[in-house]
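Asks: What follows is structure.txt, compact mmCIF, C-alpha atoms.
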# COMPACT_ATOMS: atom_id res chain seq x y z
CA MET A 1 -11.96 -22.77 12.69
CA SER A 2 -12.63 -19.04 12.75
CA SER A 3 -11.99 -17.07 9.56
CA GLY A 4 -9.38 -15.06 11.49
CA LEU A 5 -7.32 -18.19 12.08
CA PHE A 6 -7.90 -19.37 8.49
CA TYR A 7 -6.50 -16.12 7.09
CA ALA A 8 -3.61 -16.20 9.57
CA ILE A 9 -2.62 -19.66 8.24
CA LEU A 10 -3.09 -18.45 4.66
CA GLY A 11 -0.86 -15.49 5.59
CA CYS A 12 1.82 -17.95 6.76
CA ALA A 13 1.67 -19.71 3.39
CA LEU A 14 1.92 -16.43 1.44
CA PHE A 15 4.77 -15.20 3.65
CA ALA A 16 6.63 -18.48 3.10
CA LEU A 17 6.07 -18.32 -0.67
CA GLY A 18 7.30 -14.71 -0.77
CA LEU A 19 10.32 -15.47 1.43
CA ALA A 20 11.39 -18.49 -0.65
CA ALA A 21 10.97 -16.49 -3.87
CA THR A 22 12.93 -13.52 -2.49
CA LEU A 23 15.76 -15.90 -1.63
CA LEU A 24 15.77 -18.03 -4.78
CA LEU A 25 14.62 -15.94 -7.73
CA ARG A 26 17.24 -14.14 -9.79
CA GLU A 27 15.20 -11.54 -11.61
CA ALA A 28 15.12 -8.27 -9.61
CA LEU A 29 11.51 -7.37 -10.54
CA ARG A 30 10.32 -10.76 -9.25
CA ARG A 31 12.06 -10.12 -5.98
CA VAL A 32 10.15 -6.84 -5.64
CA LEU A 33 6.92 -8.78 -6.27
CA ALA A 34 8.08 -11.45 -3.83
CA PHE A 35 8.67 -9.06 -0.94
CA ASN A 36 5.25 -7.55 -1.58
CA VAL A 37 3.69 -11.03 -1.34
CA MET A 38 5.69 -11.55 1.86
CA GLY A 39 4.36 -8.28 3.24
CA SER A 40 0.76 -9.16 2.41
CA GLY A 41 1.23 -12.50 4.17
CA GLY A 42 2.56 -10.75 7.25
CA PHE A 43 -0.39 -8.35 7.29
CA LEU A 44 -2.84 -11.27 7.08
CA VAL A 45 -1.13 -13.05 9.99
CA PHE A 46 -1.20 -9.84 12.05
CA VAL A 47 -4.90 -9.05 11.59
CA GLY A 48 -6.04 -12.68 11.38
CA LEU A 49 -4.35 -13.75 14.62
CA ALA A 50 -5.68 -10.75 16.55
CA GLN A 51 -9.20 -11.57 15.35
CA ARG A 52 -9.09 -15.36 15.75
CA ASP A 53 -11.83 -15.19 18.38
CA GLY A 54 -14.03 -13.52 15.76
CA VAL A 55 -14.05 -10.03 17.35
CA VAL A 56 -12.86 -7.05 15.28
CA ASP A 57 -9.65 -5.47 16.62
CA PRO A 58 -8.97 -1.89 15.38
CA VAL A 59 -5.33 -1.69 16.56
CA PRO A 60 -3.76 -4.19 14.12
CA GLN A 61 -6.12 -2.92 11.42
CA ALA A 62 -4.79 0.63 11.83
CA MET A 63 -1.19 -0.59 11.82
CA VAL A 64 -1.69 -2.71 8.70
CA LEU A 65 -3.24 0.33 7.00
CA THR A 66 -0.01 2.20 7.78
CA GLY A 67 1.98 -0.80 6.58
CA ILE A 68 0.27 -0.92 3.18
CA VAL A 69 1.15 2.71 2.50
CA VAL A 70 4.75 2.14 3.58
CA ALA A 71 4.90 -0.98 1.38
CA VAL A 72 3.97 0.97 -1.76
CA ALA A 73 6.63 3.59 -0.91
CA ALA A 74 9.23 0.83 -0.48
CA THR A 75 8.13 -0.70 -3.79
CA ALA A 76 8.50 2.63 -5.58
CA LEU A 77 11.98 3.13 -4.09
CA ALA A 78 12.97 -0.42 -5.08
CA LEU A 79 11.76 0.19 -8.65
CA ALA A 80 13.67 3.49 -8.81
CA LEU A 81 16.87 1.75 -7.68
CA LEU A 82 16.16 -1.07 -10.12
CA ARG A 83 15.91 1.36 -13.02
CA ARG A 84 19.13 3.05 -11.91
CA LEU A 85 20.78 -0.37 -11.87
CA GLU A 86 19.55 -1.11 -15.41
CA GLN A 87 20.90 2.23 -16.65
CA THR A 88 24.27 1.59 -15.02
CA ASP A 89 24.44 -1.89 -16.53
CA ALA A 90 23.53 -0.51 -19.93
CA HIS A 91 26.39 2.01 -19.81
CA GLU A 92 29.00 -0.52 -18.81
CA PRO A 93 29.65 -3.32 -21.28
CA MET B 1 -21.16 -21.26 7.92
CA ASN B 2 -20.53 -23.69 5.05
CA ALA B 3 -20.94 -21.06 2.35
CA ASP B 4 -18.46 -18.84 4.22
CA LEU B 5 -15.96 -21.66 4.47
CA VAL B 6 -16.27 -22.45 0.76
CA PHE B 7 -15.74 -18.77 -0.06
CA ASP B 8 -12.68 -18.61 2.20
CA LEU B 9 -11.20 -21.75 0.64
CA VAL B 10 -11.77 -20.52 -2.93
CA LEU B 11 -10.33 -17.11 -2.05
CA GLY B 12 -7.33 -18.72 -0.33
CA ALA B 13 -6.66 -20.92 -3.37
CA GLY B 14 -6.98 -17.86 -5.62
CA LEU B 15 -4.51 -15.87 -3.52
CA LEU B 16 -1.94 -18.68 -3.51
CA TRP B 17 -2.42 -19.32 -7.24
CA SER B 18 -2.08 -15.65 -8.24
CA ALA B 19 0.95 -15.15 -5.96
CA ALA B 20 2.67 -18.28 -7.31
CA GLY B 21 1.83 -17.24 -10.86
CA ALA B 22 3.21 -13.73 -10.32
CA LEU B 23 6.45 -15.13 -8.91
CA LEU B 24 7.00 -18.17 -11.14
CA GLY B 25 5.27 -17.33 -14.42
CA ARG B 26 7.46 -17.10 -17.50
CA ASP B 27 6.16 -13.80 -18.86
CA ARG B 28 6.97 -10.60 -16.92
CA TYR B 29 3.87 -8.77 -18.16
CA GLY B 30 1.68 -11.67 -17.11
CA ALA B 31 3.42 -11.73 -13.74
CA VAL B 32 2.57 -8.08 -13.08
CA ILE B 33 -1.05 -8.62 -14.14
CA LEU B 34 -1.32 -11.62 -11.82
CA PHE B 35 0.16 -9.50 -9.03
CA ILE B 36 -2.59 -6.92 -9.57
CA VAL B 37 -5.13 -9.78 -9.42
CA PHE B 38 -3.45 -10.83 -6.16
CA GLY B 39 -3.97 -7.31 -4.79
CA LEU B 40 -7.65 -7.35 -5.71
CA LEU B 41 -8.13 -10.76 -4.08
CA MET B 42 -6.39 -9.40 -0.96
CA THR B 43 -9.07 -6.70 -0.93
CA LEU B 44 -11.70 -9.45 -0.66
CA ALA B 45 -9.72 -11.12 2.13
CA TRP B 46 -9.77 -7.85 4.10
CA VAL B 47 -13.52 -7.61 3.63
CA ARG B 48 -13.82 -11.15 5.02
CA LEU B 49 -11.74 -10.08 8.03
CA ALA B 50 -14.20 -7.19 8.62
CA ALA B 51 -11.50 -4.61 7.85
CA PRO B 52 -13.13 -2.26 5.31
CA ASP B 53 -10.48 0.45 5.95
CA ILE B 54 -7.70 -1.88 4.85
CA ALA B 55 -9.83 -3.15 1.94
CA LEU B 56 -10.23 0.42 0.62
CA ALA B 57 -6.50 1.11 0.97
CA GLU B 58 -5.53 -2.23 -0.56
CA ALA B 59 -7.77 -1.69 -3.59
CA ALA B 60 -6.48 1.84 -4.24
CA ILE B 61 -2.85 1.47 -3.16
CA GLY B 62 -1.98 -2.22 -3.04
CA ALA B 63 -3.62 -3.16 -6.31
CA GLY B 64 -4.01 0.20 -8.08
CA LEU B 65 -0.94 2.33 -7.43
CA THR B 66 1.51 -0.57 -7.05
CA GLY B 67 0.10 -2.05 -10.27
CA ALA B 68 0.58 1.24 -12.13
CA LEU B 69 4.16 1.50 -10.81
CA LEU B 70 4.99 -2.06 -11.84
CA LEU B 71 3.43 -1.75 -15.30
CA ASP B 72 5.40 1.46 -15.82
CA ALA B 73 8.57 -0.28 -14.62
CA LEU B 74 8.13 -2.98 -17.27
CA GLY B 75 8.38 -0.29 -19.93
CA GLY B 76 8.82 -1.71 -23.39
CA ASP B 77 10.61 -4.85 -22.33
CA SER B 78 8.10 -7.41 -21.21
CA ALA B 79 9.91 -10.38 -22.69
CA GLY B 80 10.06 -13.21 -20.24
CA THR B 81 13.46 -14.13 -18.97
CA ALA B 82 13.28 -17.80 -18.18
CA GLN B 83 13.77 -18.58 -14.51
CA ARG B 84 16.59 -20.93 -13.73
CA GLY B 85 15.21 -24.45 -13.53
CA ALA B 86 16.90 -25.60 -10.34
CA SER B 87 15.80 -22.73 -8.15
CA ARG B 88 12.26 -22.94 -9.53
CA TRP B 89 11.87 -26.53 -8.46
CA LEU B 90 13.45 -25.82 -5.12
CA LEU B 91 11.14 -22.87 -4.45
CA LEU B 92 7.81 -24.58 -3.84
CA PRO B 93 9.15 -27.28 -1.45
CA LEU B 94 11.10 -24.63 0.47
CA ALA B 95 8.02 -22.39 0.69
CA GLY B 96 5.93 -25.36 1.81
CA ALA B 97 8.40 -26.26 4.56
CA ILE B 98 8.54 -22.68 5.89
CA ALA B 99 4.73 -22.44 5.73
CA ILE B 100 4.25 -25.66 7.71
CA LEU B 101 6.78 -24.48 10.30
CA LEU B 102 5.07 -21.09 10.69
CA ALA B 103 1.53 -22.47 10.73
CA GLY B 104 2.62 -25.07 13.28
CA ALA B 105 3.81 -22.25 15.55
CA LEU B 106 0.27 -20.81 15.52
CA ARG B 107 -1.19 -23.93 17.16
CA GLY B 108 0.12 -23.43 20.67
CA LEU B 109 -0.97 -19.82 21.03
CA PRO B 110 -3.22 -18.84 23.96
CA ALA B 111 -6.56 -17.19 23.25
CA PRO B 112 -6.25 -13.46 22.45
CA SER B 113 -6.68 -11.34 25.56
CA GLY B 114 -8.33 -8.39 23.82
CA GLU B 115 -6.78 -5.90 26.28
CA LEU B 116 -5.91 -3.36 23.59
CA ARG B 117 -9.34 -3.75 22.03
CA GLU B 118 -11.01 -2.96 25.36
CA ALA B 119 -8.66 -0.03 25.98
CA VAL B 120 -9.62 1.41 22.58
CA SER B 121 -13.37 1.10 23.15
CA ALA B 122 -13.02 2.56 26.68
CA ALA B 123 -11.14 5.64 25.44
CA LEU B 124 -13.07 6.07 22.18
CA ALA B 125 -15.43 8.66 23.70
CA HIS B 126 -12.47 10.98 24.42
CA SER B 127 -10.77 10.50 21.05
CA GLY B 128 -12.87 13.03 19.12
CA VAL B 129 -14.02 10.50 16.50
CA SER B 130 -16.38 7.54 16.63
CA HIS B 131 -14.59 5.23 14.18
CA PRO B 132 -12.07 3.16 16.18
CA VAL B 133 -9.52 2.71 13.35
CA THR B 134 -9.31 6.49 12.82
CA ALA B 135 -9.04 7.00 16.59
CA VAL B 136 -6.08 4.59 16.73
CA LEU B 137 -4.38 6.12 13.68
CA LEU B 138 -4.74 9.80 14.52
CA ASN B 139 -4.98 9.87 18.29
CA PHE B 140 -3.97 6.79 20.29
CA ARG B 141 -1.04 5.87 18.07
CA GLY B 142 -0.51 9.17 16.30
CA TYR B 143 3.25 8.73 16.33
CA ASP B 144 2.90 5.70 14.02
CA THR B 145 1.15 7.89 11.49
CA LEU B 146 3.66 10.73 11.91
CA LEU B 147 6.58 8.34 11.42
CA GLU B 148 4.79 6.78 8.45
CA VAL B 149 4.55 10.14 6.67
CA SER B 150 8.25 10.64 7.41
CA VAL B 151 9.07 7.24 5.88
CA LEU B 152 7.07 8.19 2.81
CA LEU B 153 8.91 11.50 2.56
CA ALA B 154 12.22 9.65 2.77
CA ALA B 155 11.09 7.21 0.08
CA LEU B 156 10.02 10.05 -2.21
CA LEU B 157 13.41 11.76 -1.72
CA GLY B 158 15.08 8.47 -2.56
CA VAL B 159 13.00 8.00 -5.70
CA LEU B 160 13.66 11.59 -6.83
CA GLY B 161 17.35 11.12 -6.17
CA ALA B 162 17.59 7.83 -8.04
CA ALA B 163 15.61 9.16 -11.02
CA ARG B 164 17.29 12.57 -11.03
CA ASP B 165 18.69 12.54 -14.55
CA ALA B 166 15.49 11.31 -16.17
CA ARG B 167 13.87 13.56 -18.75
CA PRO B 168 10.45 14.98 -17.87
CA ALA B 169 8.12 12.55 -19.56
CA ARG B 170 4.69 13.18 -20.96
CA LEU B 171 2.61 10.40 -22.45
CA SER B 172 0.44 10.85 -25.51
CA ALA B 173 -3.16 9.64 -25.53
CA ALA B 174 -6.33 9.68 -27.58
CA PRO B 175 -8.58 12.79 -27.21
CA LEU B 176 -11.50 10.59 -26.13
CA LEU B 177 -9.50 9.31 -23.14
CA GLN B 178 -8.61 12.86 -22.19
CA ALA B 179 -12.25 13.96 -22.38
CA ALA B 180 -13.32 11.01 -20.20
CA THR B 181 -10.60 11.87 -17.70
CA ARG B 182 -11.80 15.50 -17.54
CA VAL B 183 -15.17 14.15 -16.44
CA LEU B 184 -13.78 11.59 -14.02
CA VAL B 185 -11.20 13.61 -12.10
CA PRO B 186 -13.62 16.11 -10.47
CA PHE B 187 -15.62 13.16 -9.17
CA MET B 188 -12.43 11.63 -7.79
CA LEU B 189 -11.73 14.89 -5.94
CA LEU B 190 -15.27 14.77 -4.57
CA THR B 191 -14.79 11.14 -3.49
CA ALA B 192 -11.52 12.03 -1.77
CA GLY B 193 -13.26 14.83 0.12
CA TYR B 194 -16.05 12.49 1.17
CA LEU B 195 -13.63 9.78 2.34
CA LEU B 196 -11.73 12.37 4.38
CA TRP B 197 -14.92 13.61 6.05
CA ALA B 198 -16.38 10.13 6.55
CA GLY B 199 -13.24 8.88 8.32
CA ALA B 200 -14.43 10.35 11.62
CA HIS B 201 -17.35 7.98 11.97
CA ARG B 202 -17.04 5.19 9.38
CA PRO B 203 -14.39 3.47 7.25
CA GLY B 204 -12.37 6.07 5.35
CA GLY B 205 -9.92 8.78 6.28
CA ALA B 206 -6.72 10.45 5.17
CA PHE B 207 -5.04 7.35 3.71
CA GLN B 208 -7.91 6.33 1.49
CA ALA B 209 -8.64 9.91 0.44
CA ALA B 210 -4.97 10.42 -0.45
CA ALA B 211 -4.98 7.18 -2.42
CA VAL B 212 -7.91 8.43 -4.50
CA LEU B 213 -6.14 11.77 -5.07
CA ALA B 214 -2.99 9.93 -6.18
CA ALA B 215 -5.05 7.69 -8.46
CA GLY B 216 -6.46 10.85 -10.08
CA ALA B 217 -2.93 12.12 -10.68
CA VAL B 218 -1.88 8.76 -12.15
CA LEU B 219 -4.88 8.85 -14.47
CA LEU B 220 -4.03 12.40 -15.59
CA ALA B 221 -0.44 11.33 -16.22
CA LEU B 222 -1.51 8.26 -18.19
CA VAL B 223 -3.58 10.34 -20.62
CA GLY B 224 -0.79 12.91 -20.98
CA MET B 225 -2.46 15.78 -19.11
CA LEU B 226 0.16 15.81 -16.37
CA GLY B 227 3.90 15.55 -16.95
CA GLY B 228 6.37 13.50 -14.93
CA TRP B 229 8.36 15.07 -12.12
CA THR B 230 12.02 15.86 -12.27
CA ARG B 231 12.30 18.63 -9.68
CA PRO B 232 9.09 19.39 -7.76
CA ALA B 233 8.17 23.08 -7.71
CA LEU B 234 8.11 25.07 -4.46
CA ARG B 235 4.30 24.84 -4.26
CA THR B 236 4.49 21.07 -4.53
CA ARG B 237 7.15 20.88 -1.84
CA LEU B 238 5.03 23.00 0.51
CA ALA B 239 2.04 20.71 -0.10
CA ILE B 240 4.22 17.68 0.61
CA ALA B 241 5.47 19.20 3.86
CA ALA B 242 1.98 20.31 4.99
CA GLY B 243 0.99 16.99 6.58
CA PRO B 244 3.93 16.41 8.92
CA ALA B 245 4.18 20.17 9.64
CA VAL B 246 0.53 20.54 10.68
CA PHE B 247 0.71 17.29 12.66
CA LEU B 248 3.72 18.55 14.63
CA LEU B 249 2.29 22.06 15.11
CA VAL B 250 -0.99 20.70 16.46
CA ALA B 251 0.76 18.28 18.78
CA ALA B 252 3.56 20.59 19.91
CA PRO B 253 1.56 22.60 22.51
CA SER B 254 0.78 19.42 24.43
CA PHE B 255 4.37 18.18 24.57
CA GLU B 256 5.11 19.40 28.09
CA ARG B 257 1.68 18.77 29.58
CA THR B 258 0.70 15.30 28.43
CA LEU B 259 1.97 12.32 26.52
CA LEU B 260 3.65 12.69 23.15
CA LEU B 261 1.14 13.61 20.40
CA GLN B 262 -1.83 13.32 22.76
CA LEU B 263 -4.67 15.59 21.63
CA PRO B 264 -6.77 17.55 24.17
CA PRO B 265 -10.12 15.68 24.33
CA GLN B 266 -12.33 18.79 24.05
CA HIS B 267 -10.83 19.81 20.66
CA ALA B 268 -9.76 16.37 19.44
CA GLY B 269 -12.47 16.04 16.77
CA ARG B 270 -11.62 19.30 15.02
CA LEU B 271 -7.87 18.79 15.40
CA ILE B 272 -8.09 15.31 13.88
CA LEU B 273 -10.00 16.71 10.88
CA LEU B 274 -7.34 19.42 10.48
CA ILE B 275 -4.48 16.91 10.69
CA GLU B 276 -6.27 14.53 8.33
CA ALA B 277 -6.90 17.28 5.76
CA ALA B 278 -3.20 18.21 5.77
CA LEU B 279 -2.18 14.54 5.68
CA THR B 280 -4.49 13.88 2.73
CA LEU B 281 -2.81 16.68 0.79
CA SER B 282 0.70 15.50 1.68
CA LEU B 283 0.09 11.79 1.19
CA GLY B 284 -1.75 12.46 -2.07
CA PHE B 285 1.21 14.44 -3.42
CA ILE B 286 3.75 11.93 -2.12
CA LEU B 287 1.94 8.89 -3.53
CA ALA B 288 1.39 10.68 -6.84
CA GLY B 289 5.03 11.79 -6.80
CA LEU B 290 6.25 8.22 -6.38
CA PHE B 291 4.56 7.43 -9.69
CA LEU B 292 5.26 10.71 -11.49
CA ALA B 293 8.97 10.69 -10.64
CA LEU B 294 9.28 7.24 -12.17
CA LEU B 295 7.08 7.93 -15.20
CA ARG B 296 8.75 6.85 -18.43
CA GLY B 297 7.97 8.79 -21.59
CA ASP B 298 6.55 6.54 -24.26
CA THR B 299 9.43 6.33 -26.68
CA ALA B 300 7.14 5.81 -29.67
CA GLY B 301 5.39 9.11 -28.93
CA ASP B 302 8.71 10.93 -28.50
CA GLY B 303 9.88 9.69 -31.88
CA GLN B 304 6.83 11.14 -33.62
CA ALA B 305 6.84 14.44 -31.78
Spell out the structure here as structure tokens.
Replies:
Amino acid sequence: MSSGLFYAILGCALFALGLAATLLLREALRRVLAFNVMGSGGFLVFVGLAQRDGVVDPVPQAMVLTGIVVAVAATALALALLRRLEQTDAHEP
Amino acid sequence: MNADLVFDLVLGAGLLWSAAGALLGRDRYGAVILFIVFGLLMTLAWVRLAAPDIALAEAAIGAGLTGALLLDALGGDSAGTAQRGASRWLLLPLAGAIAILLAGALRGLPAPSGELREAVSAALAHSGVSHPVTAVLLNFRGYDTLLEVSVLLAALLGVLGAARDARPARLSAAPLLQAATRVLVPFMLLTAGYLLWAGAHRPGGAFQAAAVLAAGAVLLALVGMLGGWTRPALRTRLAIAAGPAVFLLVAAPSFERTLLLQLPPQHAGRLILLIEAALTLSLGFILAGLFLALLRGDTAGDGQA
């Protein structure tokens, strides 16, 4: 088994873990962590599958690079909304 | 071969363990720390996949900046709220079932054709740079990068909007930390400049350089030498707009002649450096802004002041 395929399968497992946690966990912060884990899993599948014959492929690598930066922006936005939610909850009994 | 496989297996186990710990652990603080560990292990996975560009970005952004954001979001309240028992026990079997389903779908795939890969190496000579990942990001699929900066701008606007009534926060720190930071930050600027320049022919480029710039800003904020954002000043807004503006201005002359955002081959190298320099500035400010807009003042320090 090539290491590309290995990391693609690992990516499937991480994506599944993140998806299940996003669906089932109650705490909002954990859900933010969970969708990040899901994203990382997706990135691994993307790059791993493209490189399962062992040859480096720059196209998925460039797109995952873009994806990582977008993921941190999404995380920051989620945390900002989360804080807003906490403030609103604190004001209303 | 065997040593590689052992490394992959240990790394895979570490990734699954740290992810499960971050999601299921009782303590919120511990969960965030394990998530940072997860990010660092992901960096190793990218190295194993021969993707040093992603490894650099993951270390600086995935583990570093996301970690700083999450730790800041915890604030004072790191007390664990116990997860509900039923959903916890349901989670792992559900995840396992989805994973088996997904991994099963990988089995029937045909061998990768490598068409895109060949197209990239065929056109690399006309792209203006010799590093294929940079060529894809800034030339062949420039619109991805342009749209990405736009998404980041939108996210920053959202964060500023959601945190609009927050007080400008400034942390307090020991003088020794501040002195160490004064030494470190110029070197971080130098590193960012190097990464930007190196992107043309080896792993590096605007994203990684911007991540290092943002990390410098986070460090300055953590030792109280930089205050949080409430309303960015005009200068800051211009810096934020520089990346997308320069990108569009450089690409605009070619709109009617060639494909969207296609750079003329004879000037591509210089144009890419120009776009990357502007992008580094913008992305650095945006990534730093995501943290600075959310920065909480340390309440203990405020009480003493």
Asks: Could you write out as a PyMOL selection string the residues of chain A within 6 Å of chain B, counting only C-alpha atoms?
Replies: chain A and resi 9+12-13+16-17+20+24+30+57-58+62+65+73+77+80
Asks: Quick one: write out the picked residues with C-alpha atoms as a short mmCIF file (atom, residue, chain, number, x, y, z; two decimals), in the frame of the given file?
Replies:
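Just written: part22.cif:
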data_model
loop_
_atom_site.label_atom_id
_atom_site.label_comp_id
_atom_site.auth_asym_id
_atom_site.auth_seq_id
_atom_site.Cartn_x
_atom_site.Cartn_y
_atom_site.Cartn_z
CA ILE A 9 -2.62 -19.66 8.24
CA CYS A 12 1.82 -17.95 6.76
CA ALA A 13 1.67 -19.71 3.39
CA ALA A 16 6.63 -18.48 3.10
CA LEU A 17 6.07 -18.32 -0.67
CA ALA A 20 11.39 -18.49 -0.65
CA LEU A 24 15.77 -18.03 -4.78
CA ARG A 30 10.32 -10.76 -9.25
CA ASP A 57 -9.65 -5.47 16.62
CA PRO A 58 -8.97 -1.89 15.38
CA ALA A 62 -4.79 0.63 11.83
CA LEU A 65 -3.24 0.33 7.00
CA ALA A 73 6.63 3.59 -0.91
CA LEU A 77 11.98 3.13 -4.09
CA ALA A 80 13.67 3.49 -8.81
#
Asks: Quick check, in Å to one decimal: how far apart do CA of Ala239 in chain B and CA of Leu274 in chain B lie?
Replies: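 Separating CA of Ala239 in chain B from CA of Leu274 in chain B is a distance of 14.2 Å.
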Asks: Distance CA of Leu195 in chain B-CA of Gly284 in chain B, one decimal place?
Replies: 13.0 Å
Asks: Listed atoms of range 38-52 of chain A, axis-aligned box, 4 Å per side: centre and edge lengths to one decimal in Å, as lines of an AutoDock Vina configuration file?
Replies:
center_x = -1.8
center_y = -11.8
center_z = 9.2
size_x = 22.9
size_y = 15.1
size_z = 22.7
Asks: Would you please work out which residue, of A:Ala74, A:Leu49, A:Met63, A:Leu82, is nearest to Phe35 in chain A when using only C-alpha atoms?
Replies: A:Ala74
Asks: Counting all atoms listed in the file, I want the residues whose atoms come within 12 Å of (8.1, -3.3, 2.3) in the file frame, returned as a ChimeraX atom specification.
Replies: /A:18,31-43,64,66-78 /B:62,66,151-152,155
Asks: For the atom pair CA of Ser282 in chain B and CA of Ala198 in chain B, what is the interatomic distance in Å to one decimal place?
Replies: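 CA of Ala198 in chain B lies 18.6 Å from CA of Ser282 in chain B.
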Asks: List as a list of chain:residue names the residues having at least one atom at most 9 Å from position (-4.6, -18.2, 9.8) as given in the file, counting all atoms listed in the file.
Replies: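 Taken together, the residues in range are A:Ser2, A:Ser3, A:Gly4, A:Leu5, A:Phe6, A:Tyr7, A:Ala8, A:Ile9, A:Leu10, A:Gly11, A:Cys12, A:Leu44, A:Val45, A:Gly48, A:Leu49, A:Arg52, B:Ala103, B:Leu106.
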Asks: Which of these, B:Ala215, B:Gly205, B:Leu146, B:Pro110, has the shortest distance to Phe187 in chain B once you count all atoms listed in the file?
Replies: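 Result for the nearest residue to Phe187 in chain B: B:Ala215.
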